[in-house]
Amino acid sequence: MSIKNIRLEVMQTIEKEIDGYMEKYLIPPEKIWQPTDFLPDAQGENFFDEVHQIREEAKEIGYDLWVVLVGDTITEEALPTYESWLMDVEGIDQHGKNGWSKWVRHWTGEENRHGDVLNKYLYLSGRVNMREIEITTQHMINDGFDIGTANDPYRNFVYTSFQELATNISHKRVGQLAKKQGNGLLGKMCNMIAGDEMRHHLAYREFVKTILKYDPSEMMLAFEDMMRKKIVMPAQFVRESGEAIGTAFENFSNAAQRIGVYTTHDYIDILRKLNAYWEIDKLNDLTDTAKKARDYVMKLPDRMARIADRVAIPEDITRFKWVEANGML
């Protein structure tokens with residue numbers, strides 16, 4: 001049987017249990033939080049007072065934190081790209097409306113709320129240039145992205161397992177910093193978003209763990225391949241108006257590292273956690289090539305840690321067109 005056919009067979013096997021995964025890791029629309037639960041009620045008598053409070057609290061947020069919050073929002077708002085990418089993965093049949101396509105649609109429904117609530121908060125805060133943010137978001141969707149997975153489900157599930165935990169960390173830290181800077185509302189919003197990302201991470205890492213039972217060597221090779229390529233962030237192509245693709249990402253990433261929202265050490269820690277949960281060190285029923293892949297992935301965190309300590313993060317703040325309203329410059 002070909003590698004492609006084995007992958008499809010494994011996907012079909014997991015698909016039989018997809019309703020159970022959805023019940024465990026996703027929440028129905030009527031029961032999960034919605035953006036309006038955190039934002040001022042436009043039909044309420046206190047709407048303008050609540051907006052005023054948001055604007056006052058927003059004045060205390062530091063520049064780099066604004067940059068990271070905007071970058072996170074833009075990343076969330078580029079959701080159409082991620083859904084269309086996942087729908088193209090082998091074994092996910094949106095035309096036949098199989099269990100996998102149902103999962104992707106429901107996952108998308110949950111993720112859609114994140115950009116929605118953050119975008120409205122940014123608008124109400126009065127502290128950012130919404131038009132520049134909207135231009136960047138449109139560029140992000142127009143430009144698409146390439147995360148090095150092609151349409152292989154094994155590589156895509158490695159990516160989503162990693163990336164969902166990375167976004168959990170980022171949103172959680174932004175929320176913690178916002179709360180410290182006097183913004184309890186933003187803190188709560190980011191904390192709730194982080195909770196969603198954690199549930200999604202738990203689901204995708206379970207998919208990989210299950211695949212390791214059915215097709216360990218090929219799953220191991222896919223894992224190694226993704227780690228050699230490095231897990232690139234969805235915002236790798238982010239750019240401001242009039243700029244080339246990807247020109248804003250490094251500065252956005254530097255801002256996140258300066259304030260400790262998401263660092264190289266977080267990347268390494270995620271890899272350690274995945275190695276431990278998937279029990280990579282205990283995989284023995286592998287081909288010779290897959291065993292070499294296993295050994296490479298197990299040694300990688302320590303190797304990366306030695307390099308990470310030598311990398312200097314620029315201290316100078318980079319000015320973004322996103323964050324230039326009301327004297328922020």
# chains A, B, ... in the order shown; residues from 1 in each chain; ligands from 1
$ select_by_dssp --residues "segment 63-267 of chain A" --states "alpha helix (DSSP H)" --output "compact mmCIF listing (two decimals) with C-alpha atoms, in the first residue's frame"
# COMPACT_ATOMS: atom_id res chain seq x y z
CA TYR A 63 3.90 50.52 23.01
CA ASP A 64 5.36 47.04 22.48
CA LEU A 65 2.27 45.47 24.03
CA TRP A 66 0.09 47.36 21.56
CA VAL A 67 2.22 46.06 18.70
CA VAL A 68 1.90 42.48 19.92
CA LEU A 69 -1.84 42.82 20.55
CA VAL A 70 -2.37 44.20 17.05
CA GLY A 71 -0.17 41.49 15.52
CA ASP A 72 -2.11 38.80 17.40
CA THR A 73 -5.39 40.32 16.24
CA ILE A 74 -4.29 40.41 12.60
CA THR A 75 -3.14 36.79 12.88
CA GLU A 76 -6.57 35.80 14.19
CA GLU A 77 -8.37 37.85 11.54
CA LEU A 79 -8.69 32.93 9.64
CA PRO A 80 -10.06 32.39 6.08
CA THR A 81 -6.53 31.41 5.02
CA TYR A 82 -6.22 28.77 7.71
CA GLU A 83 -9.61 27.22 7.06
CA SER A 84 -9.04 26.97 3.31
CA TRP A 85 -5.59 25.45 3.96
CA LEU A 86 -6.93 22.77 6.29
CA MET A 87 -9.82 21.94 3.97
CA GLY A 99 -16.26 14.08 9.80
CA TRP A 100 -12.96 15.86 9.28
CA SER A 101 -14.49 18.73 7.34
CA LYS A 102 -17.07 19.03 10.13
CA TRP A 103 -14.22 19.33 12.63
CA VAL A 104 -12.51 22.05 10.59
CA ARG A 105 -15.72 24.07 10.25
CA HIS A 106 -16.52 23.88 13.96
CA TRP A 107 -12.90 24.68 14.88
CA THR A 108 -13.11 27.68 12.55
CA GLY A 109 -16.35 28.79 14.21
CA GLU A 110 -14.61 28.91 17.58
CA GLU A 111 -11.50 30.61 16.25
CA ASN A 112 -13.56 33.25 14.44
CA ARG A 113 -14.64 34.78 17.75
CA HIS A 114 -11.05 35.62 18.67
CA GLY A 115 -10.40 38.12 15.89
CA ASP A 116 -13.94 39.44 16.33
CA VAL A 117 -13.57 40.40 19.99
CA LEU A 118 -10.00 41.72 19.65
CA ASN A 119 -10.85 43.80 16.57
CA LYS A 120 -13.78 45.45 18.35
CA TYR A 121 -11.64 46.13 21.40
CA LEU A 122 -8.95 47.79 19.28
CA TYR A 123 -11.58 49.93 17.57
CA LEU A 124 -13.15 51.05 20.84
CA SER A 125 -9.79 51.74 22.49
CA MET A 130 -7.64 50.84 12.42
CA ARG A 131 -7.31 51.54 8.72
CA GLU A 132 -3.65 50.46 8.73
CA ILE A 133 -4.60 47.34 10.68
CA GLU A 134 -7.36 46.55 8.18
CA ILE A 135 -4.95 47.00 5.25
CA THR A 136 -2.47 44.62 6.88
CA THR A 137 -5.21 42.06 7.53
CA GLN A 138 -6.32 42.18 3.92
CA HIS A 139 -2.72 41.75 2.78
CA MET A 140 -2.39 38.73 5.10
CA ILE A 141 -5.38 37.06 3.48
CA ASN A 142 -4.36 38.09 -0.03
CA ASP A 143 -0.79 36.83 0.39
CA PRO A 153 -2.30 15.52 7.48
CA TYR A 154 0.64 14.27 9.58
CA ARG A 155 2.65 17.45 9.06
CA ASN A 156 -0.41 19.65 9.47
CA PHE A 157 -1.29 18.07 12.80
CA VAL A 158 2.28 18.54 14.04
CA TYR A 159 1.98 22.17 13.05
CA THR A 160 -1.41 22.75 14.69
CA SER A 161 -0.34 20.90 17.85
CA PHE A 162 2.62 23.28 18.12
CA GLN A 163 0.96 26.45 16.93
CA GLU A 164 -2.15 26.22 19.09
CA LEU A 165 0.02 25.98 22.22
CA ALA A 166 2.13 28.90 20.98
CA THR A 167 -0.98 31.07 20.57
CA ASN A 168 -2.20 29.95 23.99
CA ILE A 169 1.04 31.24 25.51
CA SER A 170 0.94 34.49 23.54
CA HIS A 171 -2.66 35.40 24.39
CA LYS A 172 -2.23 34.37 28.04
CA ARG A 173 0.87 36.55 28.46
CA VAL A 174 -0.72 39.53 26.72
CA GLY A 175 -3.65 39.17 29.12
CA GLN A 176 -1.36 39.02 32.14
CA LEU A 177 0.57 42.11 31.04
CA ALA A 178 -2.65 44.00 30.27
CA LYS A 179 -3.99 43.21 33.73
CA LYS A 180 -0.75 44.42 35.34
CA GLY A 184 -8.78 44.00 33.59
CA LEU A 185 -11.19 43.72 30.66
CA LEU A 186 -8.48 43.02 28.08
CA GLY A 187 -6.89 40.62 30.54
CA LYS A 188 -10.12 38.61 30.79
CA MET A 189 -10.64 38.59 27.01
CA CYS A 190 -7.14 37.32 26.28
CA ASN A 191 -7.40 34.72 29.03
CA MET A 192 -10.60 33.32 27.52
CA ILE A 193 -9.03 33.23 24.05
CA ALA A 194 -6.02 31.42 25.53
CA GLY A 195 -8.38 28.83 27.01
CA ASP A 196 -9.84 28.10 23.57
CA GLU A 197 -6.37 27.73 22.09
CA MET A 198 -5.41 25.26 24.81
CA ARG A 199 -8.45 23.05 24.08
CA HIS A 200 -7.59 23.07 20.40
CA HIS A 201 -3.97 22.21 21.17
CA LEU A 202 -5.07 19.24 23.29
CA ALA A 203 -7.18 17.96 20.38
CA TYR A 204 -4.49 18.22 17.72
CA ARG A 205 -1.81 16.66 19.90
CA GLU A 206 -4.24 13.77 20.50
CA PHE A 207 -4.61 13.30 16.74
CA VAL A 208 -0.83 12.95 16.45
CA LYS A 209 -0.65 10.56 19.40
CA THR A 210 -3.28 8.37 17.74
CA ILE A 211 -1.45 8.43 14.40
CA LEU A 212 1.72 7.31 16.17
CA LYS A 213 -0.11 4.11 17.15
CA TYR A 214 -1.12 3.29 13.57
CA PRO A 216 4.68 5.47 13.85
CA SER A 217 7.55 5.63 11.35
CA GLU A 218 5.85 7.96 8.88
CA MET A 219 4.49 10.13 11.71
CA MET A 220 7.97 10.33 13.19
CA LEU A 221 9.45 11.37 9.84
CA ALA A 222 6.78 14.04 9.45
CA PHE A 223 7.55 15.37 12.93
CA GLU A 224 11.27 15.52 12.17
CA ASP A 225 10.66 17.25 8.85
CA MET A 226 8.56 19.96 10.49
CA MET A 227 11.17 20.56 13.18
CA ARG A 228 13.98 20.80 10.62
CA LYS A 229 11.95 23.37 8.70
CA PHE A 249 7.26 40.04 11.08
CA GLU A 250 10.76 40.30 12.53
CA ASN A 251 9.94 43.58 14.28
CA PHE A 252 6.66 42.17 15.57
CA SER A 253 8.52 39.09 16.84
CA ASN A 254 11.18 41.25 18.50
CA ALA A 255 8.47 43.21 20.33
CA ALA A 256 6.96 39.94 21.59
CA GLN A 257 10.38 38.76 22.82
CA ARG A 258 11.25 42.09 24.48
CA THR A 264 12.66 31.32 21.66
CA HIS A 265 12.65 29.55 25.03
CA ASP A 266 8.87 29.13 24.75
CA TYR A 267 9.40 27.48 21.37
$ residues_around --residues "Asn284 of chain A" --least-positions-apart "4" --cutoff "10 Å" --atoms "only C-alpha atoms" --output "MDAnalysis selection string"
chainID A and resid 216:217 280 288 290:291 294
$ write_last_selection --atoms "N, CA and C atoms" --output "mmCIF file, in the first residue's frame"
data_model
loop_
_atom_site.group_PDB
_atom_site.id
_atom_site.type_symbol
_atom_site.label_atom_id
_atom_site.label_comp_id
_atom_site.auth_asym_id
_atom_site.auth_seq_id
_atom_site.Cartn_x
_atom_site.Cartn_y
_atom_site.Cartn_z
ATOM 1 N N PRO A 216 3.644 4.757 13.073
ATOM 2 C CA PRO A 216 4.682 5.467 13.846
ATOM 3 C C PRO A 216 5.868 5.987 13.027
ATOM 4 N N SER A 217 6.357 5.197 12.093
ATOM 5 C CA SER A 217 7.546 5.627 11.349
ATOM 6 C C SER A 217 7.269 6.853 10.487
ATOM 7 N N ILE A 280 8.124 10.249 22.550
ATOM 8 C CA ILE A 280 9.004 10.026 21.408
ATOM 9 C C ILE A 280 10.187 9.118 21.786
ATOM 10 N N ASP A 288 14.703 2.241 10.285
ATOM 11 C CA ASP A 288 15.997 2.819 10.640
ATOM 12 C C ASP A 288 16.001 4.344 10.437
ATOM 13 N N ALA A 290 13.410 6.331 10.546
ATOM 14 C CA ALA A 290 12.559 6.938 11.563
ATOM 15 C C ALA A 290 13.251 6.976 12.925
ATOM 16 N N LYS A 291 14.073 5.980 13.212
ATOM 17 C CA LYS A 291 14.836 5.981 14.466
ATOM 18 C C LYS A 291 15.808 7.159 14.497
ATOM 19 N N ARG A 294 13.774 10.156 15.217
ATOM 20 C CA ARG A 294 13.458 10.190 16.650
ATOM 21 C C ARG A 294 14.625 10.766 17.445
#
$ residues_around --residues "Ala276 of chain A" --least-positions-apart "6" --cutoff "12 Å" --atoms "only C-alpha atoms" --output "PyMOL selection string"
chain A and resi 205+209+269-270+282-283+297-298+301
$ closest_residue --among "A:Gly62, A:Gly246, A:Leu39, A:Lys230" --to "Gly148 of chain A" --atoms "only C-alpha atoms"
A:Lys230
$ closest_residue --among "A:Thr149, A:Asn129, A:Gln94, A:Thr36" --to "Val232 of chain A" --atoms "only C-alpha atoms"
A:Thr149
$ atom_distance --atom1 "atom CA of Asp37 of chain A" --atom2 "atom CA of Ala58 of chain A"
18.8 Å
$ closest_residue --among "A:Pro35, A:Pro314, A:Pro40, A:Gly91" --to "Arg55 of chain A" --atoms "only C-alpha atoms"
A:Pro40
$ closest_residue --among "A:Glu50, A:Val128, A:Asn5, A:Pro28" --to "Glu90 of chain A" --atoms "only C-alpha atoms"
A:Asn5
$ atom_distance --atom1 "atom CA of Asp295 of chain A" --atom2 "atom CA of Asp281 of chain A"
7.9 Å
$ closest_residue --among "A:Thr263, A:Thr247, A:Asn183, A:Asn98" --to "Glu60 of chain A" --atoms "only C-alpha atoms"
A:Asn183
